[in-house]
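Text of upload-v2.pdb, listed as PDB, N, CA and C atoms:
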```pdb
ATOM      1  N   MET A   1      88.016 115.909  95.483
ATOM      2  CA  MET A   1      89.215 115.720  94.698
ATOM      3  C   MET A   1      90.108 114.745  95.452
ATOM      4  N   THR A   2      90.641 113.778  94.722
ATOM      5  CA  THR A   2      91.636 112.868  95.285
ATOM      6  C   THR A   2      92.920 113.049  94.491
ATOM      7  N   VAL A   3      94.022 113.204  95.212
ATOM      8  CA  VAL A   3      95.318 113.475  94.591
ATOM      9  C   VAL A   3      96.325 112.453  95.108
ATOM     10  N   TRP A   4      97.171 111.972  94.202
ATOM     11  CA  TRP A   4      98.300 111.121  94.589
ATOM     12  C   TRP A   4      99.565 111.867  94.215
ATOM     13  N   VAL A   5     100.432 112.061  95.213
ATOM     14  CA  VAL A   5     101.677 112.807  95.021
ATOM     15  C   VAL A   5     102.827 111.821  95.144
ATOM     16  N   ARG A   6     103.684 111.795  94.131
ATOM     17  CA  ARG A   6     104.836 110.883  94.170
ATOM     18  C   ARG A   6     106.127 111.695  94.183
ATOM     19  N   GLY A   7     107.162 111.054  94.662
ATOM     20  CA  GLY A   7     108.467 111.698  94.808
ATOM     21  C   GLY A   7     108.986 111.410  96.210
ATOM     22  N   ARG A   8     109.820 112.303  96.709
ATOM     23  CA  ARG A   8     110.306 112.176  98.098
ATOM     24  C   ARG A   8     109.361 112.983  98.981
ATOM     25  N   VAL A   9     108.241 112.346  99.354
ATOM     26  CA  VAL A   9     107.180 113.061 100.056
ATOM     27  C   VAL A   9     106.811 112.415 101.397
ATOM     28  N   GLN A  10     107.538 111.395 101.797
ATOM     29  CA  GLN A  10     107.297 110.792 103.113
ATOM     30  C   GLN A  10     108.508 111.039 104.003
ATOM     31  N   GLY A  11     108.235 111.303 105.274
ATOM     32  CA  GLY A  11     109.311 111.544 106.230
ATOM     33  C   GLY A  11     109.909 112.937 106.148
ATOM     34  N   VAL A  12     109.201 113.863 105.494
ATOM     35  CA  VAL A  12     109.712 115.227 105.323
ATOM     36  C   VAL A  12     108.716 116.294 105.791
ATOM     37  N   GLY A  13     107.638 115.875 106.457
ATOM     38  CA  GLY A  13     106.626 116.828 106.913
ATOM     39  C   GLY A  13     105.595 117.182 105.866
ATOM     40  N   PHE A  14     105.553 116.426 104.779
ATOM     41  CA  PHE A  14     104.670 116.750 103.665
ATOM     42  C   PHE A  14     103.196 116.774 104.069
ATOM     43  N   ARG A  15     102.760 115.767 104.820
ATOM     44  CA  ARG A  15     101.351 115.713 105.220
ATOM     45  C   ARG A  15     101.002 116.882 106.133
ATOM     46  N   TRP A  16     101.892 117.205 107.056
ATOM     47  CA  TRP A  16     101.649 118.312 107.973
ATOM     48  C   TRP A  16     101.498 119.623 107.206
ATOM     49  N   TYR A  17     102.407 119.880 106.259
ATOM     50  CA  TYR A  17     102.335 121.111 105.471
ATOM     51  C   TYR A  17     101.111 121.126 104.566
ATOM     52  N   THR A  18     100.705 119.959 104.061
ATOM     53  CA  THR A  18      99.507 119.890 103.231
ATOM     54  C   THR A  18      98.282 120.258 104.060
ATOM     55  N   ARG A  19      98.206 119.729 105.273
ATOM     56  CA  ARG A  19      97.096 120.075 106.166
ATOM     57  C   ARG A  19      97.112 121.573 106.474
ATOM     58  N   ALA A  20      98.285 122.117 106.789
ATOM     59  CA  ALA A  20      98.396 123.545 107.101
ATOM     60  C   ALA A  20      97.936 124.393 105.914
ATOM     61  N   ARG A  21      98.314 124.001 104.706
ATOM     62  CA  ARG A  21      97.908 124.752 103.507
ATOM     63  C   ARG A  21      96.400 124.656 103.305
ATOM     64  N   ALA A  22      95.825 123.456 103.507
ATOM     65  CA  ALA A  22      94.378 123.293 103.366
ATOM     66  C   ALA A  22      93.635 124.169 104.373
ATOM     67  N   LEU A  23      94.132 124.237 105.600
ATOM     68  CA  LEU A  23      93.500 125.083 106.619
ATOM     69  C   LEU A  23      93.665 126.561 106.283
ATOM     70  N   GLU A  24      94.813 126.924 105.722
ATOM     71  CA  GLU A  24      95.046 128.315 105.314
ATOM     72  C   GLU A  24      94.080 128.716 104.201
ATOM     73  N   ILE A  25      93.868 127.838 103.233
ATOM     74  CA  ILE A  25      92.921 128.111 102.144
ATOM     75  C   ILE A  25      91.517 128.244 102.719
ATOM     76  N   GLY A  26      91.190 127.375 103.665
ATOM     77  CA  GLY A  26      89.892 127.423 104.328
ATOM     78  C   GLY A  26      88.798 126.733 103.532
ATOM     79  N   GLY A  27      87.802 126.263 104.241
ATOM     80  CA  GLY A  27      86.650 125.658 103.590
ATOM     81  C   GLY A  27      86.889 124.274 103.021
ATOM     82  N   LEU A  28      87.997 123.630 103.385
ATOM     83  CA  LEU A  28      88.303 122.291 102.881
ATOM     84  C   LEU A  28      88.248 121.280 104.017
ATOM     85  N   THR A  29      87.740 120.097 103.701
ATOM     86  CA  THR A  29      87.798 118.977 104.618
ATOM     87  C   THR A  29      88.447 117.815 103.880
ATOM     88  N   GLY A  30      88.967 116.847 104.634
ATOM     89  CA  GLY A  30      89.586 115.684 104.017
ATOM     90  C   GLY A  30      90.769 115.216 104.819
ATOM     91  N   PHE A  31      91.798 114.724 104.105
ATOM     92  CA  PHE A  31      92.969 114.191 104.803
ATOM     93  C   PHE A  31      94.154 114.068 103.859
ATOM     94  N   ALA A  32      95.331 113.884 104.468
ATOM     95  CA  ALA A  32      96.565 113.537 103.763
ATOM     96  C   ALA A  32      97.104 112.279 104.435
ATOM     97  N   ALA A  33      97.446 111.265 103.642
ATOM     98  CA  ALA A  33      97.874 109.979 104.195
ATOM     99  C   ALA A  33      99.046 109.409 103.411
ATOM    100  N   ASN A  34      99.994 108.815 104.134
ATOM    101  CA  ASN A  34     101.080 108.082 103.485
ATOM    102  C   ASN A  34     100.547 106.771 102.938
ATOM    103  N   LEU A  35     101.010 106.391 101.756
ATOM    104  CA  LEU A  35     100.679 105.098 101.165
ATOM    105  C   LEU A  35     101.895 104.190 101.234
ATOM    106  N   ALA A  36     101.665 102.906 101.215
ATOM    107  CA  ALA A  36     102.745 101.922 101.342
ATOM    108  C   ALA A  36     103.762 102.019 100.218
ATOM    109  N   ASP A  37     103.358 102.522  99.048
ATOM    110  CA  ASP A  37     104.276 102.595  97.902
ATOM    111  C   ASP A  37     105.110 103.872  97.872
ATOM    112  N   GLY A  38     105.027 104.695  98.940
ATOM    113  CA  GLY A  38     105.841 105.907  99.022
ATOM    114  C   GLY A  38     105.133 107.176  98.595
ATOM    115  N   ARG A  39     103.939 107.059  98.039
ATOM    116  CA  ARG A  39     103.178 108.248  97.659
ATOM    117  C   ARG A  39     102.400 108.789  98.853
ATOM    118  N   VAL A  40     101.893 110.001  98.703
ATOM    119  CA  VAL A  40     100.958 110.573  99.659
ATOM    120  C   VAL A  40      99.638 110.775  98.926
ATOM    121  N   GLN A  41      98.558 110.338  99.560
ATOM    122  CA  GLN A  41      97.224 110.545  99.024
ATOM    123  C   GLN A  41      96.599 111.720  99.753
ATOM    124  N   VAL A  42      96.020 112.639  98.998
ATOM    125  CA  VAL A  42      95.335 113.796  99.558
ATOM    126  C   VAL A  42      93.894 113.765  99.062
ATOM    127  N   VAL A  43      92.955 113.774  99.988
ATOM    128  CA  VAL A  43      91.539 113.879  99.650
ATOM    129  C   VAL A  43      91.068 115.225 100.180
ATOM    130  N   ALA A  44      90.491 116.037  99.294
ATOM    131  CA  ALA A  44      90.007 117.357  99.698
ATOM    132  C   ALA A  44      88.605 117.564  99.152
ATOM    133  N   GLU A  45      87.722 118.006 100.033
ATOM    134  CA  GLU A  45      86.362 118.339  99.643
ATOM    135  C   GLU A  45      86.083 119.779 100.026
ATOM    136  N   GLY A  46      85.381 120.458  99.150
ATOM    137  CA  GLY A  46      85.039 121.864  99.350
ATOM    138  C   GLY A  46      84.757 122.470  97.998
ATOM    139  N   ALA A  47      84.673 123.782  97.954
ATOM    140  CA  ALA A  47      84.436 124.469  96.689
ATOM    141  C   ALA A  47      85.557 124.131  95.703
ATOM    142  N   ARG A  48      85.200 123.943  94.444
ATOM    143  CA  ARG A  48      86.195 123.549  93.446
ATOM    144  C   ARG A  48      87.364 124.533  93.408
ATOM    145  N   GLU A  49      87.091 125.816  93.498
ATOM    146  CA  GLU A  49      88.157 126.827  93.444
ATOM    147  C   GLU A  49      89.151 126.618  94.581
ATOM    148  N   ARG A  50      88.676 126.254  95.745
ATOM    149  CA  ARG A  50      89.563 126.022  96.883
ATOM    150  C   ARG A  50      90.369 124.736  96.694
ATOM    151  N   CYS A  51      89.720 123.710  96.172
ATOM    152  CA  CYS A  51      90.446 122.466  95.870
ATOM    153  C   CYS A  51      91.528 122.723  94.816
ATOM    154  N   GLU A  52      91.209 123.534  93.819
ATOM    155  CA  GLU A  52      92.188 123.856  92.785
ATOM    156  C   GLU A  52      93.373 124.624  93.355
ATOM    157  N   ARG A  53      93.124 125.483  94.331
ATOM    158  CA  ARG A  53      94.233 126.202  94.980
ATOM    159  C   ARG A  53      95.169 125.235  95.682
ATOM    160  N   LEU A  54      94.603 124.235  96.365
ATOM    161  CA  LEU A  54      95.438 123.232  97.019
ATOM    162  C   LEU A  54      96.200 122.424  95.977
ATOM    163  N   LEU A  55      95.545 122.037  94.902
ATOM    164  CA  LEU A  55      96.193 121.285  93.831
ATOM    165  C   LEU A  55      97.331 122.096  93.212
ATOM    166  N   ASP A  56      97.106 123.368  92.959
ATOM    167  CA  ASP A  56      98.160 124.235  92.408
ATOM    168  C   ASP A  56      99.365 124.266  93.337
ATOM    169  N   TRP A  57      99.115 124.347  94.647
ATOM    170  CA  TRP A  57     100.215 124.360  95.618
ATOM    171  C   TRP A  57     100.975 123.042  95.591
ATOM    172  N   LEU A  58     100.266 121.925  95.518
ATOM    173  CA  LEU A  58     100.926 120.618  95.459
ATOM    174  C   LEU A  58     101.809 120.500  94.225
ATOM    175  N   ARG A  59     101.397 121.098  93.134
ATOM    176  CA  ARG A  59     102.158 121.035  91.876
ATOM    177  C   ARG A  59     103.279 122.072  91.791
ATOM    178  N   ALA A  60     103.201 123.125  92.593
ATOM    179  CA  ALA A  60     104.125 124.256  92.458
ATOM    180  C   ALA A  60     105.542 123.955  92.927
ATOM    181  N   GLY A  61     105.719 122.913  93.717
ATOM    182  CA  GLY A  61     107.059 122.605  94.195
ATOM    183  C   GLY A  61     107.449 123.374  95.440
ATOM    184  N   ASP A  62     106.516 124.131  96.008
ATOM    185  CA  ASP A  62     106.768 124.876  97.242
ATOM    186  C   ASP A  62     106.378 124.022  98.448
ATOM    187  N   THR A  63     106.658 122.736  98.354
ATOM    188  CA  THR A  63     106.295 121.767  99.379
ATOM    189  C   THR A  63     107.563 121.167  99.975
ATOM    190  N   PRO A  64     107.459 120.553 101.143
ATOM    191  CA  PRO A  64     108.627 119.840 101.683
ATOM    192  C   PRO A  64     108.958 118.642 100.795
ATOM    193  N   GLY A  65     110.184 118.222 100.842
ATOM    194  CA  GLY A  65     110.597 117.069 100.033
ATOM    195  C   GLY A  65     110.768 117.444  98.572
ATOM    196  N   ARG A  66     110.460 116.496  97.713
ATOM    197  CA  ARG A  66     110.587 116.720  96.263
ATOM    198  C   ARG A  66     109.434 116.019  95.573
ATOM    199  N   VAL A  67     108.572 116.787  94.944
ATOM    200  CA  VAL A  67     107.429 116.233  94.222
ATOM    201  C   VAL A  67     107.870 115.899  92.806
ATOM    202  N   ALA A  68     107.714 114.624  92.440
ATOM    203  CA  ALA A  68     108.063 114.179  91.087
ATOM    204  C   ALA A  68     106.846 114.169  90.166
ATOM    205  N   GLY A  69     105.663 114.102  90.738
ATOM    206  CA  GLY A  69     104.463 114.093  89.923
ATOM    207  C   GLY A  69     103.212 114.110  90.775
ATOM    208  N   VAL A  70     102.135 114.615  90.190
ATOM    209  CA  VAL A  70     100.854 114.722  90.868
ATOM    210  C   VAL A  70      99.774 114.235  89.908
ATOM    211  N   THR A  71      98.931 113.336  90.387
ATOM    212  CA  THR A  71      97.799 112.847  89.613
ATOM    213  C   THR A  71      96.543 113.113  90.416
ATOM    214  N   GLU A  72      95.498 113.631  89.769
ATOM    215  CA  GLU A  72      94.268 113.904  90.498
ATOM    216  C   GLU A  72      93.058 113.373  89.749
ATOM    217  N   ILE A  73      92.009 113.093  90.512
ATOM    218  CA  ILE A  73      90.704 112.794  89.933
ATOM    219  C   ILE A  73      89.678 113.634  90.675
ATOM    220  N   TRP A  74      88.643 113.997  89.972
ATOM    221  CA  TRP A  74      87.553 114.780  90.554
ATOM    222  C   TRP A  74      86.330 113.892  90.612
ATOM    223  N   ASP A  75      85.616 113.969  91.718
ATOM    224  CA  ASP A  75      84.435 113.145  91.909
ATOM    225  C   ASP A  75      83.438 113.917  92.760
ATOM    226  N   THR A  76      82.257 113.376  92.891
ATOM    227  CA  THR A  76      81.235 113.972  93.739
ATOM    228  C   THR A  76      81.656 113.850  95.205
ATOM    229  N   PRO A  77      81.604 114.934  95.965
ATOM    230  CA  PRO A  77      81.972 114.852  97.383
ATOM    231  C   PRO A  77      81.115 113.824  98.113
ATOM    232  N   ARG A  78      81.745 113.076  99.009
ATOM    233  CA  ARG A  78      81.044 112.052  99.780
ATOM    234  C   ARG A  78      80.693 112.529 101.175
ATOM    235  N   GLY A  79      81.386 113.563 101.653
ATOM    236  CA  GLY A  79      81.126 114.071 102.993
ATOM    237  C   GLY A  79      81.708 113.152 104.053
ATOM    238  N   GLY A  80      81.379 113.458 105.274
ATOM    239  CA  GLY A  80      81.834 112.609 106.378
ATOM    240  C   GLY A  80      83.140 113.048 107.017
ATOM    241  N   TYR A  81      83.739 114.119 106.524
ATOM    242  CA  TYR A  81      84.983 114.627 107.117
ATOM    243  C   TYR A  81      84.667 115.804 108.027
ATOM    244  N   GLU A  82      85.207 115.760 109.232
ATOM    245  CA  GLU A  82      84.966 116.846 110.207
ATOM    246  C   GLU A  82      85.892 118.035 109.948
ATOM    247  N   GLY A  83      87.109 117.772 109.555
ATOM    248  CA  GLY A  83      88.107 118.804 109.307
ATOM    249  C   GLY A  83      89.086 118.279 108.281
ATOM    250  N   PHE A  84      90.328 118.713 108.381
ATOM    251  CA  PHE A  84      91.362 118.221 107.477
ATOM    252  C   PHE A  84      92.406 117.521 108.346
ATOM    253  N   ASP A  85      92.519 116.203 108.202
ATOM    254  CA  ASP A  85      93.324 115.376 109.088
ATOM    255  C   ASP A  85      94.591 114.854 108.428
ATOM    256  N   ILE A  86      95.492 114.394 109.270
ATOM    257  CA  ILE A  86      96.682 113.654 108.848
ATOM    258  C   ILE A  86      96.444 112.209 109.237
ATOM    259  N   ARG A  87      96.613 111.328 108.290
ATOM    260  CA  ARG A  87      96.435 109.899 108.569
ATOM    261  C   ARG A  87      97.724 109.166 108.345
TER     262      ARG A  87
END
```
File written out as structure tokens:
Amino acid sequence: MTVWVRGRVQGVGFRWYTRARALEIGGLTGFAANLADGRVQVVAEGARERCERLLDWLRAGDTPGRVAGVTEIWDTPRGGYEGFDIR
């Protein structure tokens, strides 16, 4: 799953909290990265149910900053991630 989160999501600890939530859910690998346009990109691989839990959290508004919108796409996992990183 690849997610783009827009709003006030940079400079507020958003990536750190996203990583912490992914680790709390467990079984997810991927990363959270700031984009030049102010969005945060989240890539998560793992069981669909676990990815959906992370997506629900991103949409719930219980995140740092202010989420104005979330867009996601689902694709075949590519692998290659050791854990869940901040980029």
Atomic distance atom N of Asp75 (chain A) - CA of Gly11 (chain A), expressed in Å with one decimal
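So the two atoms, atom N of Asp75 (chain A) and CA of Gly11 (chain A), lie 27.9 Å apart.
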Using only C-alpha atoms, find all polymer residues with an atom at most 12 Å away from the point (80.6, 120.3, 109.1); report them as number ranges by chain.
A: 27-30, 45-46, 79-84
Find, counting only C-alpha atoms, the residue in A:Pro77, A:Gly26, A:Gly61, A:Gly69 that gets nearest to Gly7 (chain A).
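So, comparing all the options, the nearest one is A:Gly69.
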Which of chain A end up as strand (DSSP E or B) when DSSP is run on this backbone - answer as an mmCIF file with N, CA and C atoms, in the frame of the given file?
```
data_model
loop_
_atom_site.group_PDB
_atom_site.id
_atom_site.type_symbol
_atom_site.label_atom_id
_atom_site.label_comp_id
_atom_site.auth_asym_id
_atom_site.auth_seq_id
_atom_site.Cartn_x
_atom_site.Cartn_y
_atom_site.Cartn_z
ATOM 1 N N THR A 2 90.641 113.778 94.722
ATOM 2 C CA THR A 2 91.636 112.868 95.285
ATOM 3 C C THR A 2 92.920 113.049 94.491
ATOM 4 N N VAL A 3 94.022 113.204 95.212
ATOM 5 C CA VAL A 3 95.318 113.475 94.591
ATOM 6 C C VAL A 3 96.325 112.453 95.108
ATOM 7 N N TRP A 4 97.171 111.972 94.202
ATOM 8 C CA TRP A 4 98.300 111.121 94.589
ATOM 9 C C TRP A 4 99.565 111.867 94.215
ATOM 10 N N VAL A 5 100.432 112.061 95.213
ATOM 11 C CA VAL A 5 101.677 112.807 95.021
ATOM 12 C C VAL A 5 102.827 111.821 95.144
ATOM 13 N N ARG A 6 103.684 111.795 94.131
ATOM 14 C CA ARG A 6 104.836 110.883 94.170
ATOM 15 C C ARG A 6 106.127 111.695 94.183
ATOM 16 N N GLY A 7 107.162 111.054 94.662
ATOM 17 C CA GLY A 7 108.467 111.698 94.808
ATOM 18 C C GLY A 7 108.986 111.410 96.210
ATOM 19 N N ARG A 8 109.820 112.303 96.709
ATOM 20 C CA ARG A 8 110.306 112.176 98.098
ATOM 21 C C ARG A 8 109.361 112.983 98.981
ATOM 22 N N THR A 29 87.740 120.097 103.701
ATOM 23 C CA THR A 29 87.798 118.977 104.618
ATOM 24 C C THR A 29 88.447 117.815 103.880
ATOM 25 N N GLY A 30 88.967 116.847 104.634
ATOM 26 C CA GLY A 30 89.586 115.684 104.017
ATOM 27 C C GLY A 30 90.769 115.216 104.819
ATOM 28 N N PHE A 31 91.798 114.724 104.105
ATOM 29 C CA PHE A 31 92.969 114.191 104.803
ATOM 30 C C PHE A 31 94.154 114.068 103.859
ATOM 31 N N ALA A 32 95.331 113.884 104.468
ATOM 32 C CA ALA A 32 96.565 113.537 103.763
ATOM 33 C C ALA A 32 97.104 112.279 104.435
ATOM 34 N N ALA A 33 97.446 111.265 103.642
ATOM 35 C CA ALA A 33 97.874 109.979 104.195
ATOM 36 C C ALA A 33 99.046 109.409 103.411
ATOM 37 N N ASN A 34 99.994 108.815 104.134
ATOM 38 C CA ASN A 34 101.080 108.082 103.485
ATOM 39 C C ASN A 34 100.547 106.771 102.938
ATOM 40 N N VAL A 40 101.893 110.001 98.703
ATOM 41 C CA VAL A 40 100.958 110.573 99.659
ATOM 42 C C VAL A 40 99.638 110.775 98.926
ATOM 43 N N GLN A 41 98.558 110.338 99.560
ATOM 44 C CA GLN A 41 97.224 110.545 99.024
ATOM 45 C C GLN A 41 96.599 111.720 99.753
ATOM 46 N N VAL A 42 96.020 112.639 98.998
ATOM 47 C CA VAL A 42 95.335 113.796 99.558
ATOM 48 C C VAL A 42 93.894 113.765 99.062
ATOM 49 N N VAL A 43 92.955 113.774 99.988
ATOM 50 C CA VAL A 43 91.539 113.879 99.650
ATOM 51 C C VAL A 43 91.068 115.225 100.180
ATOM 52 N N ALA A 44 90.491 116.037 99.294
ATOM 53 C CA ALA A 44 90.007 117.357 99.698
ATOM 54 C C ALA A 44 88.605 117.564 99.152
ATOM 55 N N GLU A 45 87.722 118.006 100.033
ATOM 56 C CA GLU A 45 86.362 118.339 99.643
ATOM 57 C C GLU A 45 86.083 119.779 100.026
ATOM 58 N N ARG A 66 110.460 116.496 97.713
ATOM 59 C CA ARG A 66 110.587 116.720 96.263
ATOM 60 C C ARG A 66 109.434 116.019 95.573
ATOM 61 N N VAL A 67 108.572 116.787 94.944
ATOM 62 C CA VAL A 67 107.429 116.233 94.222
ATOM 63 C C VAL A 67 107.870 115.899 92.806
ATOM 64 N N ALA A 68 107.714 114.624 92.440
ATOM 65 C CA ALA A 68 108.063 114.179 91.087
ATOM 66 C C ALA A 68 106.846 114.169 90.166
ATOM 67 N N GLY A 69 105.663 114.102 90.738
ATOM 68 C CA GLY A 69 104.463 114.093 89.923
ATOM 69 C C GLY A 69 103.212 114.110 90.775
ATOM 70 N N VAL A 70 102.135 114.615 90.190
ATOM 71 C CA VAL A 70 100.854 114.722 90.868
ATOM 72 C C VAL A 70 99.774 114.235 89.908
ATOM 73 N N THR A 71 98.931 113.336 90.387
ATOM 74 C CA THR A 71 97.799 112.847 89.613
ATOM 75 C C THR A 71 96.543 113.113 90.416
ATOM 76 N N GLU A 72 95.498 113.631 89.769
ATOM 77 C CA GLU A 72 94.268 113.904 90.498
ATOM 78 C C GLU A 72 93.058 113.373 89.749
ATOM 79 N N ILE A 73 92.009 113.093 90.512
ATOM 80 C CA ILE A 73 90.704 112.794 89.933
ATOM 81 C C ILE A 73 89.678 113.634 90.675
ATOM 82 N N PHE A 84 90.328 118.713 108.381
ATOM 83 C CA PHE A 84 91.362 118.221 107.477
ATOM 84 C C PHE A 84 92.406 117.521 108.346
ATOM 85 N N ASP A 85 92.519 116.203 108.202
ATOM 86 C CA ASP A 85 93.324 115.376 109.088
ATOM 87 C C ASP A 85 94.591 114.854 108.428
ATOM 88 N N ILE A 86 95.492 114.394 109.270
ATOM 89 C CA ILE A 86 96.682 113.654 108.848
ATOM 90 C C ILE A 86 96.444 112.209 109.237
#
```
Residue list (alpha helix (DSSP H), DSSP) for region 18-61 of chain A, as a list in words
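Selection result, alpha helix (DSSP H) within region 18-61 of chain A: Thr18, Arg19, Ala20, Arg21, Ala22, Leu23, Glu24, Ile25, Arg48, Glu49, Arg50, Cys51, Glu52, Arg53, Leu54, Leu55, Asp56, Trp57, Leu58, Arg59 and Ala60 of chain A.
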Please, could you write that set of residues out with N, CA and C atoms as a CSV table (one decimal), in the coordinates of the input?
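Output saved as again.csv:
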```
chain,number,residue,atom,x,y,z
A,18,THR,N,100.7,120.0,104.1
A,18,THR,CA,99.5,119.9,103.2
A,18,THR,C,98.3,120.3,104.1
A,19,ARG,N,98.2,119.7,105.3
A,19,ARG,CA,97.1,120.1,106.2
A,19,ARG,C,97.1,121.6,106.5
A,20,ALA,N,98.3,122.1,106.8
A,20,ALA,CA,98.4,123.5,107.1
A,20,ALA,C,97.9,124.4,105.9
A,21,ARG,N,98.3,124.0,104.7
A,21,ARG,CA,97.9,124.8,103.5
A,21,ARG,C,96.4,124.7,103.3
A,22,ALA,N,95.8,123.5,103.5
A,22,ALA,CA,94.4,123.3,103.4
A,22,ALA,C,93.6,124.2,104.4
A,23,LEU,N,94.1,124.2,105.6
A,23,LEU,CA,93.5,125.1,106.6
A,23,LEU,C,93.7,126.6,106.3
A,24,GLU,N,94.8,126.9,105.7
A,24,GLU,CA,95.0,128.3,105.3
A,24,GLU,C,94.1,128.7,104.2
A,25,ILE,N,93.9,127.8,103.2
A,25,ILE,CA,92.9,128.1,102.1
A,25,ILE,C,91.5,128.2,102.7
A,48,ARG,N,85.2,123.9,94.4
A,48,ARG,CA,86.2,123.5,93.4
A,48,ARG,C,87.4,124.5,93.4
A,49,GLU,N,87.1,125.8,93.5
A,49,GLU,CA,88.2,126.8,93.4
A,49,GLU,C,89.2,126.6,94.6
A,50,ARG,N,88.7,126.3,95.7
A,50,ARG,CA,89.6,126.0,96.9
A,50,ARG,C,90.4,124.7,96.7
A,51,CYS,N,89.7,123.7,96.2
A,51,CYS,CA,90.4,122.5,95.9
A,51,CYS,C,91.5,122.7,94.8
A,52,GLU,N,91.2,123.5,93.8
A,52,GLU,CA,92.2,123.9,92.8
A,52,GLU,C,93.4,124.6,93.4
A,53,ARG,N,93.1,125.5,94.3
A,53,ARG,CA,94.2,126.2,95.0
A,53,ARG,C,95.2,125.2,95.7
A,54,LEU,N,94.6,124.2,96.4
A,54,LEU,CA,95.4,123.2,97.0
A,54,LEU,C,96.2,122.4,96.0
A,55,LEU,N,95.5,122.0,94.9
A,55,LEU,CA,96.2,121.3,93.8
A,55,LEU,C,97.3,122.1,93.2
A,56,ASP,N,97.1,123.4,93.0
A,56,ASP,CA,98.2,124.2,92.4
A,56,ASP,C,99.4,124.3,93.3
A,57,TRP,N,99.1,124.3,94.6
A,57,TRP,CA,100.2,124.4,95.6
A,57,TRP,C,101.0,123.0,95.6
A,58,LEU,N,100.3,121.9,95.5
A,58,LEU,CA,100.9,120.6,95.5
A,58,LEU,C,101.8,120.5,94.2
A,59,ARG,N,101.4,121.1,93.1
A,59,ARG,CA,102.2,121.0,91.9
A,59,ARG,C,103.3,122.1,91.8
A,60,ALA,N,103.2,123.1,92.6
A,60,ALA,CA,104.1,124.3,92.5
A,60,ALA,C,105.5,124.0,92.9
```
The residue from A:Ala47, A:Val5, A:Leu54, A:Leu35 with the smallest atom-to-atom distance to Arg21 (chain A), counting all atoms listed in the file, is A:Leu54
Output the residue selection produced by the PyMOL selection byres (((chain A and resi 41 and name CA) around 9) and name CA) on the file above, formatted as a short mmCIF file (atom, residue, chain, number, x, y, z; two decimals) with N, CA and C atoms, in the coordinates of the input.
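Final output, saved to selection-v1.cif:
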```cif
data_model
loop_
_atom_site.label_atom_id
_atom_site.label_comp_id
_atom_site.auth_asym_id
_atom_site.auth_seq_id
_atom_site.Cartn_x
_atom_site.Cartn_y
_atom_site.Cartn_z
N THR A 2 90.64 113.78 94.72
CA THR A 2 91.64 112.87 95.28
C THR A 2 92.92 113.05 94.49
N VAL A 3 94.02 113.20 95.21
CA VAL A 3 95.32 113.48 94.59
C VAL A 3 96.32 112.45 95.11
N TRP A 4 97.17 111.97 94.20
CA TRP A 4 98.30 111.12 94.59
C TRP A 4 99.56 111.87 94.22
N VAL A 5 100.43 112.06 95.21
CA VAL A 5 101.68 112.81 95.02
C VAL A 5 102.83 111.82 95.14
N PHE A 31 91.80 114.72 104.10
CA PHE A 31 92.97 114.19 104.80
C PHE A 31 94.15 114.07 103.86
N ALA A 32 95.33 113.88 104.47
CA ALA A 32 96.56 113.54 103.76
C ALA A 32 97.10 112.28 104.44
N ALA A 33 97.45 111.26 103.64
CA ALA A 33 97.87 109.98 104.20
C ALA A 33 99.05 109.41 103.41
N ASN A 34 99.99 108.82 104.13
CA ASN A 34 101.08 108.08 103.48
C ASN A 34 100.55 106.77 102.94
N LEU A 35 101.01 106.39 101.76
CA LEU A 35 100.68 105.10 101.16
C LEU A 35 101.90 104.19 101.23
N ARG A 39 103.94 107.06 98.04
CA ARG A 39 103.18 108.25 97.66
C ARG A 39 102.40 108.79 98.85
N VAL A 40 101.89 110.00 98.70
CA VAL A 40 100.96 110.57 99.66
C VAL A 40 99.64 110.78 98.93
N VAL A 42 96.02 112.64 99.00
CA VAL A 42 95.34 113.80 99.56
C VAL A 42 93.89 113.76 99.06
N VAL A 43 92.96 113.77 99.99
CA VAL A 43 91.54 113.88 99.65
C VAL A 43 91.07 115.22 100.18
#
```
Matched chain/residue IDs from the PyMOL selection byres ((chain A and resi 64) around 6.5), as a list in words
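Selected by the PyMOL selection byres ((chain A and resi 64) around 6.5) here: Arg8, Val9, Val12, Gly13, Phe14, Gly61, Asp62, Thr63, Gly65, Arg66 and Val67 of chain A.
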Export N, CA and C atoms of the chosen residues as a short mmCIF file (atom, residue, chain, number, x, y, z; two decimals), in the coordinates of the input?
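Contents of again_11.cif, freshly written:
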```cif
data_model
loop_
_atom_site.label_atom_id
_atom_site.label_comp_id
_atom_site.auth_asym_id
_atom_site.auth_seq_id
_atom_site.Cartn_x
_atom_site.Cartn_y
_atom_site.Cartn_z
N ARG A 8 109.82 112.30 96.71
CA ARG A 8 110.31 112.18 98.10
C ARG A 8 109.36 112.98 98.98
N VAL A 9 108.24 112.35 99.35
CA VAL A 9 107.18 113.06 100.06
C VAL A 9 106.81 112.42 101.40
N VAL A 12 109.20 113.86 105.49
CA VAL A 12 109.71 115.23 105.32
C VAL A 12 108.72 116.29 105.79
N GLY A 13 107.64 115.88 106.46
CA GLY A 13 106.63 116.83 106.91
C GLY A 13 105.60 117.18 105.87
N PHE A 14 105.55 116.43 104.78
CA PHE A 14 104.67 116.75 103.66
C PHE A 14 103.20 116.77 104.07
N GLY A 61 105.72 122.91 93.72
CA GLY A 61 107.06 122.60 94.20
C GLY A 61 107.45 123.37 95.44
N ASP A 62 106.52 124.13 96.01
CA ASP A 62 106.77 124.88 97.24
C ASP A 62 106.38 124.02 98.45
N THR A 63 106.66 122.74 98.35
CA THR A 63 106.30 121.77 99.38
C THR A 63 107.56 121.17 99.98
N GLY A 65 110.18 118.22 100.84
CA GLY A 65 110.60 117.07 100.03
C GLY A 65 110.77 117.44 98.57
N ARG A 66 110.46 116.50 97.71
CA ARG A 66 110.59 116.72 96.26
C ARG A 66 109.43 116.02 95.57
N VAL A 67 108.57 116.79 94.94
CA VAL A 67 107.43 116.23 94.22
C VAL A 67 107.87 115.90 92.81
#
```
Check the smallest atom-to-atom distance from each of A:Trp74, A:Asp37, A:Ala68, A:Ile25 to Arg50 (chain A) using only N, CA and C atoms, then report the winner.
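Result for the nearest residue to Arg50 (chain A): A:Ile25.
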